[in-house]
file entry15.pdb (PDB, C-alpha atoms)
MODEL        1
ATOM      1  CA  ALA A 269     -36.981 -12.760 -29.644  1.00  0.00           C
ATOM      2  CA  PHE A 270     -33.674 -12.700 -27.798  1.00  0.00           C
ATOM      3  CA  PRO A 271     -31.648 -14.817 -30.292  1.00  0.00           C
ATOM      4  CA  ALA A 272     -32.921 -12.658 -33.159  1.00  0.00           C
ATOM      5  CA  LEU A 273     -31.546  -9.538 -31.461  1.00  0.00           C
ATOM      6  CA  LEU A 274     -28.242 -11.208 -30.749  1.00  0.00           C
ATOM      7  CA  ALA A 275     -27.717 -12.705 -34.222  1.00  0.00           C
ATOM      8  CA  PRO A 276     -26.700  -9.519 -36.092  1.00  0.00           C
ATOM      9  CA  SER A 277     -24.068  -8.644 -33.514  1.00  0.00           C
ATOM     10  CA  LEU A 278     -22.544 -12.146 -33.674  1.00  0.00           C
ATOM     11  CA  ILE A 279     -22.366 -11.938 -37.439  1.00  0.00           C
ATOM     12  CA  GLN A 280     -20.686  -8.532 -37.243  1.00  0.00           C
ATOM     13  CA  PHE A 281     -18.257  -9.868 -34.648  1.00  0.00           C
ATOM     14  CA  ARG A 282     -17.300 -12.802 -36.905  1.00  0.00           C
ATOM     15  CA  ARG A 283     -16.704 -10.412 -39.802  1.00  0.00           C
ATOM     16  CA  LEU A 284     -14.408  -8.301 -37.617  1.00  0.00           C
ATOM     17  CA  LEU A 285     -12.455 -11.390 -36.611  1.00  0.00           C
ATOM     18  CA  ARG A 286     -11.981 -12.391 -40.266  1.00  0.00           C
ATOM     19  CA  VAL A 287     -10.793  -8.899 -41.181  1.00  0.00           C
ATOM     20  CA  ALA A 288      -8.426  -8.738 -38.225  1.00  0.00           C
ATOM     21  CA  ALA A 289      -6.949 -12.155 -39.023  1.00  0.00           C
ATOM     22  CA  SER A 290      -6.336 -11.407 -42.709  1.00  0.00           C
ATOM     23  CA  PRO A 291      -2.857 -10.131 -43.610  1.00  0.00           C
ATOM     24  CA  VAL A 292      -2.608  -6.511 -44.654  1.00  0.00           C
ATOM     25  CA  VAL A 293      -0.087  -5.859 -47.409  1.00  0.00           C
ATOM     26  CA  GLU A 294       0.707  -2.306 -48.446  1.00  0.00           C
ATOM     27  CA  MET A 295       2.585  -1.252 -51.524  1.00  0.00           C
ATOM     28  CA  MET A 296       5.532   1.012 -50.806  1.00  0.00           C
ATOM     29  CA  ALA A 297       6.664   3.879 -53.025  1.00  0.00           C
ATOM     30  CA  ASP A 298       9.643   1.848 -54.252  1.00  0.00           C
ATOM     31  CA  GLY A 299       7.338  -0.962 -55.459  1.00  0.00           C
ATOM     32  CA  SER A 300       8.107  -3.350 -52.599  1.00  0.00           C
ATOM     33  CA  SER A 301       5.396  -4.640 -50.288  1.00  0.00           C
ATOM     34  CA  SER A 302       5.170  -4.184 -46.542  1.00  0.00           C
ATOM     35  CA  ASP A 303       5.596  -7.963 -46.153  1.00  0.00           C
ATOM     36  CA  GLU A 304       9.064  -7.738 -47.720  1.00  0.00           C
ATOM     37  CA  ASN A 305      10.054  -4.831 -45.449  1.00  0.00           C
ATOM     38  CA  VAL A 306       8.889  -6.731 -42.336  1.00  0.00           C
ATOM     39  CA  GLU A 307      10.969  -9.760 -43.353  1.00  0.00           C
ATOM     40  CA  ALA A 308      13.993  -7.562 -44.048  1.00  0.00           C
ATOM     41  CA  SER A 309      13.721  -5.768 -40.711  1.00  0.00           C
ATOM     42  CA  ALA A 310      13.355  -9.083 -38.892  1.00  0.00           C
ATOM     43  CA  ALA A 311      16.569 -10.330 -40.492  1.00  0.00           C
ATOM     44  CA  ALA A 312      18.502  -7.144 -39.681  1.00  0.00           C
ATOM     45  CA  PRO A 313      20.693  -7.264 -36.565  1.00  0.00           C
ATOM     46  CA  ALA A 314      19.621  -5.326 -33.495  1.00  0.00           C
ATOM     47  CA  PRO A 315      21.276  -1.911 -33.141  1.00  0.00           C
ATOM     48  CA  ALA A 316      24.240  -1.744 -30.787  1.00  0.00           C
ATOM     49  CA  ASP A 317      23.584  -0.449 -27.270  1.00  0.00           C
ATOM     50  CA  ASP A 318      24.734   3.153 -27.247  1.00  0.00           C
ATOM     51  CA  GLY A 319      23.985   3.775 -23.578  1.00  0.00           C
ATOM     52  CA  ALA A 320      20.260   4.291 -24.143  1.00  0.00           C
ATOM     53  CA  ALA A 321      19.491   2.058 -21.177  1.00  0.00           C
ATOM     54  CA  GLY A 322      20.716   4.840 -18.894  1.00  0.00           C
ATOM     55  CA  ALA A 323      18.681   7.485 -20.681  1.00  0.00           C
ATOM     56  CA  PHE A 324      15.938   7.343 -18.053  1.00  0.00           C
ATOM     57  CA  PRO A 325      16.776   7.959 -14.406  1.00  0.00           C
ATOM     58  CA  SER A 326      16.275   5.046 -12.072  1.00  0.00           C
ATOM     59  CA  GLN A 327      13.112   5.164  -9.985  1.00  0.00           C
ATOM     60  CA  TYR A 328      15.143   4.094  -6.924  1.00  0.00           C
ATOM     61  CA  ASP A 329      17.503   6.231  -4.867  1.00  0.00           C
ATOM     62  CA  ASP A 330      20.811   5.229  -3.243  1.00  0.00           C
ATOM     63  CA  GLN A 331      18.993   3.441  -0.404  1.00  0.00           C
ATOM     64  CA  GLY A 332      16.838   1.449  -2.838  1.00  0.00           C
ATOM     65  CA  MET A 333      13.699   3.462  -2.090  1.00  0.00           C
ATOM     66  CA  SER A 334      11.303   4.742  -4.739  1.00  0.00           C
ATOM     67  CA  SER A 335       9.531   8.078  -4.461  1.00  0.00           C
ATOM     68  CA  PHE A 336       6.438   6.222  -3.242  1.00  0.00           C
ATOM     69  CA  ASP A 337       8.486   4.469  -0.529  1.00  0.00           C
ATOM     70  CA  ARG A 338       9.804   7.848   0.668  1.00  0.00           C
ATOM     71  CA  LEU A 339       6.292   9.339   0.682  1.00  0.00           C
ATOM     72  CA  GLU A 340       4.925   6.385   2.644  1.00  0.00           C
ATOM     73  CA  ALA A 341       7.778   6.600   5.159  1.00  0.00           C
ATOM     74  CA  ASP A 342       7.108  10.327   5.626  1.00  0.00           C
ATOM     75  CA  LEU A 343       3.414   9.681   6.238  1.00  0.00           C
ATOM     76  CA  ARG A 344       4.122   6.852   8.689  1.00  0.00           C
ATOM     77  CA  GLY A 345       6.481   9.045  10.666  1.00  0.00           C
ATOM     78  CA  ALA A 346       9.063   8.038  13.214  1.00  0.00           C
ATOM     79  CA  GLN A 347       8.952   4.680  14.930  1.00  0.00           C
ATOM     80  CA  LEU A 348       7.209   4.762  18.293  1.00  0.00           C
ATOM     81  CA  ARG A 349       7.753   2.348  21.161  1.00  0.00           C
ATOM     82  CA  ILE A 350       4.774   2.122  23.513  1.00  0.00           C
ATOM     83  CA  ILE A 351       5.346   0.573  26.927  1.00  0.00           C
ATOM     84  CA  CYS A 352       1.954  -0.714  28.060  1.00  0.00           C
ATOM     85  CA  GLU A 353       1.543  -1.136  31.824  1.00  0.00           C
ATOM     86  CA  MET A 354      -1.116  -3.823  32.241  1.00  0.00           C
ATOM     87  CA  PRO A 355      -3.495  -3.931  35.252  1.00  0.00           C
ATOM     88  CA  ASP A 356      -1.840  -7.118  36.551  1.00  0.00           C
ATOM     89  CA  GLY A 357       1.564  -5.346  36.739  1.00  0.00           C
ATOM     90  CA  SER A 358       3.023  -6.934  33.609  1.00  0.00           C
ATOM     91  CA  VAL A 359       4.437  -4.823  30.797  1.00  0.00           C
ATOM     92  CA  GLN A 360       3.776  -5.262  27.092  1.00  0.00           C
ATOM     93  CA  GLU A 361       5.666  -3.475  24.330  1.00  0.00           C
ATOM     94  CA  VAL A 362       3.971  -2.300  21.139  1.00  0.00           C
ATOM     95  CA  LEU A 363       5.926  -0.950  18.180  1.00  0.00           C
ATOM     96  CA  CYS A 364       4.193   1.309  15.670  1.00  0.00           C
ATOM     97  CA  ASN A 365       4.754   4.643  13.946  1.00  0.00           C
ATOM     98  CA  MET A 366       3.744   8.192  14.792  1.00  0.00           C
ATOM     99  CA  GLY A 367       1.297   8.174  11.869  1.00  0.00           C
ATOM    100  CA  HIS A 368      -0.628   5.207  13.253  1.00  0.00           C
ATOM    101  CA  ASP A 369      -3.729   5.742  15.312  1.00  0.00           C
ATOM    102  CA  VAL A 370      -4.469   4.574  18.842  1.00  0.00           C
ATOM    103  CA  MET A 371      -6.748   1.893  17.417  1.00  0.00           C
ATOM    104  CA  TYR A 372      -3.775   0.306  15.620  1.00  0.00           C
ATOM    105  CA  ALA A 373      -1.758   0.120  18.851  1.00  0.00           C
ATOM    106  CA  LYS A 374      -4.745  -1.347  20.716  1.00  0.00           C
ATOM    107  CA  GLY A 375      -5.103  -3.945  17.959  1.00  0.00           C
ATOM    108  CA  GLN A 376      -1.461  -4.935  18.338  1.00  0.00           C
ATOM    109  CA  LEU A 377      -1.862  -5.154  22.102  1.00  0.00           C
ATOM    110  CA  ALA A 378      -5.054  -7.212  21.751  1.00  0.00           C
ATOM    111  CA  ARG A 379      -3.208  -9.718  19.537  1.00  0.00           C
ATOM    112  CA  LYS A 380      -0.317 -10.027  21.986  1.00  0.00           C
ATOM    113  CA  THR A 381      -2.449 -10.423  25.096  1.00  0.00           C
ATOM    114  CA  GLU A 382      -5.450 -12.198  23.519  1.00  0.00           C
ATOM    115  CA  ILE A 383      -7.728  -9.674  25.243  1.00  0.00           C
ATOM    116  CA  ASP A 384     -10.747  -8.521  23.234  1.00  0.00           C
ATOM    117  CA  PHE A 385      -9.967  -5.239  21.487  1.00  0.00           C
ATOM    118  CA  GLY A 386     -13.171  -3.589  22.720  1.00  0.00           C
ATOM    119  CA  ARG A 387     -12.195  -4.137  26.355  1.00  0.00           C
ATOM    120  CA  LEU A 388      -8.883  -2.241  26.098  1.00  0.00           C
ATOM    121  CA  LYS A 389      -8.414   1.438  26.908  1.00  0.00           C
ATOM    122  CA  LEU A 390      -5.107   3.288  26.844  1.00  0.00           C
ATOM    123  CA  PHE A 391      -4.337   6.181  29.178  1.00  0.00           C
ATOM    124  CA  MET A 392      -1.390   8.554  29.067  1.00  0.00           C
ATOM    125  CA  ASP A 393      -0.842  10.736  32.121  1.00  0.00           C
ATOM    126  CA  GLY A 394      -4.315   9.774  33.333  1.00  0.00           C
ATOM    127  CA  LYS A 395      -6.019  10.910  30.111  1.00  0.00           C
ATOM    128  CA  LEU A 396      -7.885   8.546  27.782  1.00  0.00           C
ATOM    129  CA  MET A 397      -6.269   8.139  24.360  1.00  0.00           C
ATOM    130  CA  PHE A 398      -9.182   8.113  21.889  1.00  0.00           C
ATOM    131  CA  ASP A 399      -9.114   5.519  19.100  1.00  0.00           C
ATOM    132  CA  PRO A 400      -9.360   7.724  16.004  1.00  0.00           C
ATOM    133  CA  LEU A 401      -6.476   9.983  17.035  1.00  0.00           C
ATOM    134  CA  SER A 402      -3.037   9.347  15.583  1.00  0.00           C
ATOM    135  CA  PHE A 403       0.008   9.606  17.815  1.00  0.00           C
ATOM    136  CA  ASN A 404       0.897  12.825  15.958  1.00  0.00           C
ATOM    137  CA  ASP A 405      -2.176  14.346  17.650  1.00  0.00           C
ATOM    138  CA  PHE A 406      -0.583  13.994  21.099  1.00  0.00           C
ATOM    139  CA  SER A 407       1.750  16.961  21.561  1.00  0.00           C
ATOM    140  CA  ASP A 408       3.467  15.306  24.550  1.00  0.00           C
ATOM    141  CA  ILE A 409       4.532  12.399  22.328  1.00  0.00           C
ATOM    142  CA  VAL A 410       5.567  14.649  19.424  1.00  0.00           C
ATOM    143  CA  LYS A 411       7.861  16.635  21.767  1.00  0.00           C
ATOM    144  CA  LEU A 412       9.699  13.504  22.979  1.00  0.00           C
ATOM    145  CA  PRO A 413      13.249  13.241  21.586  1.00  0.00           C
ATOM    146  CA  THR A 414      13.184   9.439  21.905  1.00  0.00           C
ATOM    147  CA  LYS A 415       9.839   8.213  20.642  1.00  0.00           C
ATOM    148  CA  GLU A 416       9.101   6.011  23.639  1.00  0.00           C
ATOM    149  CA  VAL A 417       6.008   6.486  25.764  1.00  0.00           C
ATOM    150  CA  ARG A 418       4.510   4.752  28.800  1.00  0.00           C
ATOM    151  CA  VAL A 419       0.764   4.190  28.861  1.00  0.00           C
ATOM    152  CA  GLN A 420      -1.527   2.600  31.378  1.00  0.00           C
ATOM    153  CA  VAL A 421      -3.933  -0.039  30.117  1.00  0.00           C
ATOM    154  CA  GLN A 422      -7.412  -0.491  31.507  1.00  0.00           C
ATOM    155  CA  VAL A 423      -9.205  -3.745  30.718  1.00  0.00           C
ATOM    156  CA  ASP A 424     -12.984  -3.474  30.969  1.00  0.00           C
ATOM    157  CA  PRO A 425     -14.845  -6.471  32.443  1.00  0.00           C
ATOM    158  CA  GLU A 426     -16.360  -8.958  30.010  1.00  0.00           C
TER     159      GLU A 426
ENDMDL
END

call {"tool": "encode", "arguments": {"input": "entry15.pdb", "output": "structure tokens"}}
result
Amino acid sequence: AFPALLAPSLIQFRRLLRVAASPVVEMMADGSSSDENVEASAAAPAPADDGAAGAFPSQYDDQGMSSFDRLEADLRGAQLRIICEMPDGSVQEVLCNMGHDVMYAKGQLARKTEIDFGRLKLFMDGKLMFDPLSFNDFSDIVKLPTKEVRVQVQVDPE
């Protein structure tokens, strides 16, 4: 039953292919055919460049950034340098942007220290920095003229 249902559509498809592959020749008002006009236009030289290439404004500005690059940079925000004071007294530096969330910074720290992400907690001024919050949500960081902040890291036991 299945091939019988499929057969008419295959036949119609083959007919469409034959029609699409056949040349279409139209008669023009002056008695010439469209085939002759296509050949004549193919033989004609390309028109000279009259400055049309500059007709559309470039999508890039003077710094080489597109409008999407500028929008992304605005959303990312200023660069932020986080000085992470580890429990063993060592210091790790994490670079991110104000638009990133705490989870992103913890992920960067986890990669650097090879400590499981779930064991890390960041504290600023004794207060836990929750994962889903972006650094824009911390008014103390937003107010800083130099986007550099010190945080204390707590590593939970395994």

call {"tool": "resolve_selection", "arguments": {"input": "entry15.pdb", "expression": "the PyMOL selection byres ((chain A and resi 390-404) around 8)", "output": "list in words"}}
result
Asn365, Met366, Gly367, His368, Asp369, Val370, Met371, Lys374, Leu388, Lys389, Asp405, Phe406, Ser407, Ile409, Val410, Arg418, Val419, Gln420, Val421 and Gln422 of chain A

call {"tool": "residues_around", "arguments": {"input": "entry15.pdb", "residues": "Thr414 in chain A", "least_positions_apart": "5", "cutoff": "10 Å", "atoms": "only C-alpha atoms", "output": "list in words"}}
result
Ala346, Gln347, Leu348, Arg349 and Ile409 of chain A

call {"tool": "closest_residue", "arguments": {"input": "entry15.pdb", "among": "A:Glu416, A:Asp356, A:Asp342, A:Glu426", "to": "Ile383 in chain A", "atoms": "only C-alpha atoms"}}
result
A:Glu426

call {"tool": "closest_residue", "arguments": {"input": "entry15.pdb", "among": "A:Gln376, A:Ser334, A:Thr381, A:Gln327", "to": "Val423 in chain A", "atoms": "all atoms listed in the file"}}
result
A:Thr381

call {"tool": "closest_residue", "arguments": {"input": "entry15.pdb", "among": "A:Leu377, A:Leu412, A:Cys364, A:Val417", "to": "Gly345 in chain A", "atoms": "all atoms listed in the file"}}
result
A:Cys364

call {"tool": "atom_distance", "arguments": {"input": "entry15.pdb", "atom1": "CA of Gln360 in chain A", "atom2": "CA of Lys380 in chain A"}}
result
8.1 Å

call {"tool": "atom_distance", "arguments": {"input": "entry15.pdb", "atom1": "CA of Gly375 in chain A", "atom2": "CA of Cys352 in chain A"}}
result
12.7 Å

call {"tool": "atom_distance", "arguments": {"input": "entry15.pdb", "atom1": "CA of Met354 in chain A", "atom2": "CA of Ala378 in chain A"}}
result
11.7 Å

call {"tool": "residues_around", "arguments": {"input": "entry15.pdb", "residues": "Ala373 in chain A", "least_positions_apart": "6", "cutoff": "9 Å", "atoms": "all atoms listed in the file", "output": "ChimeraX atom specification"}}
result
/A:350,362-364
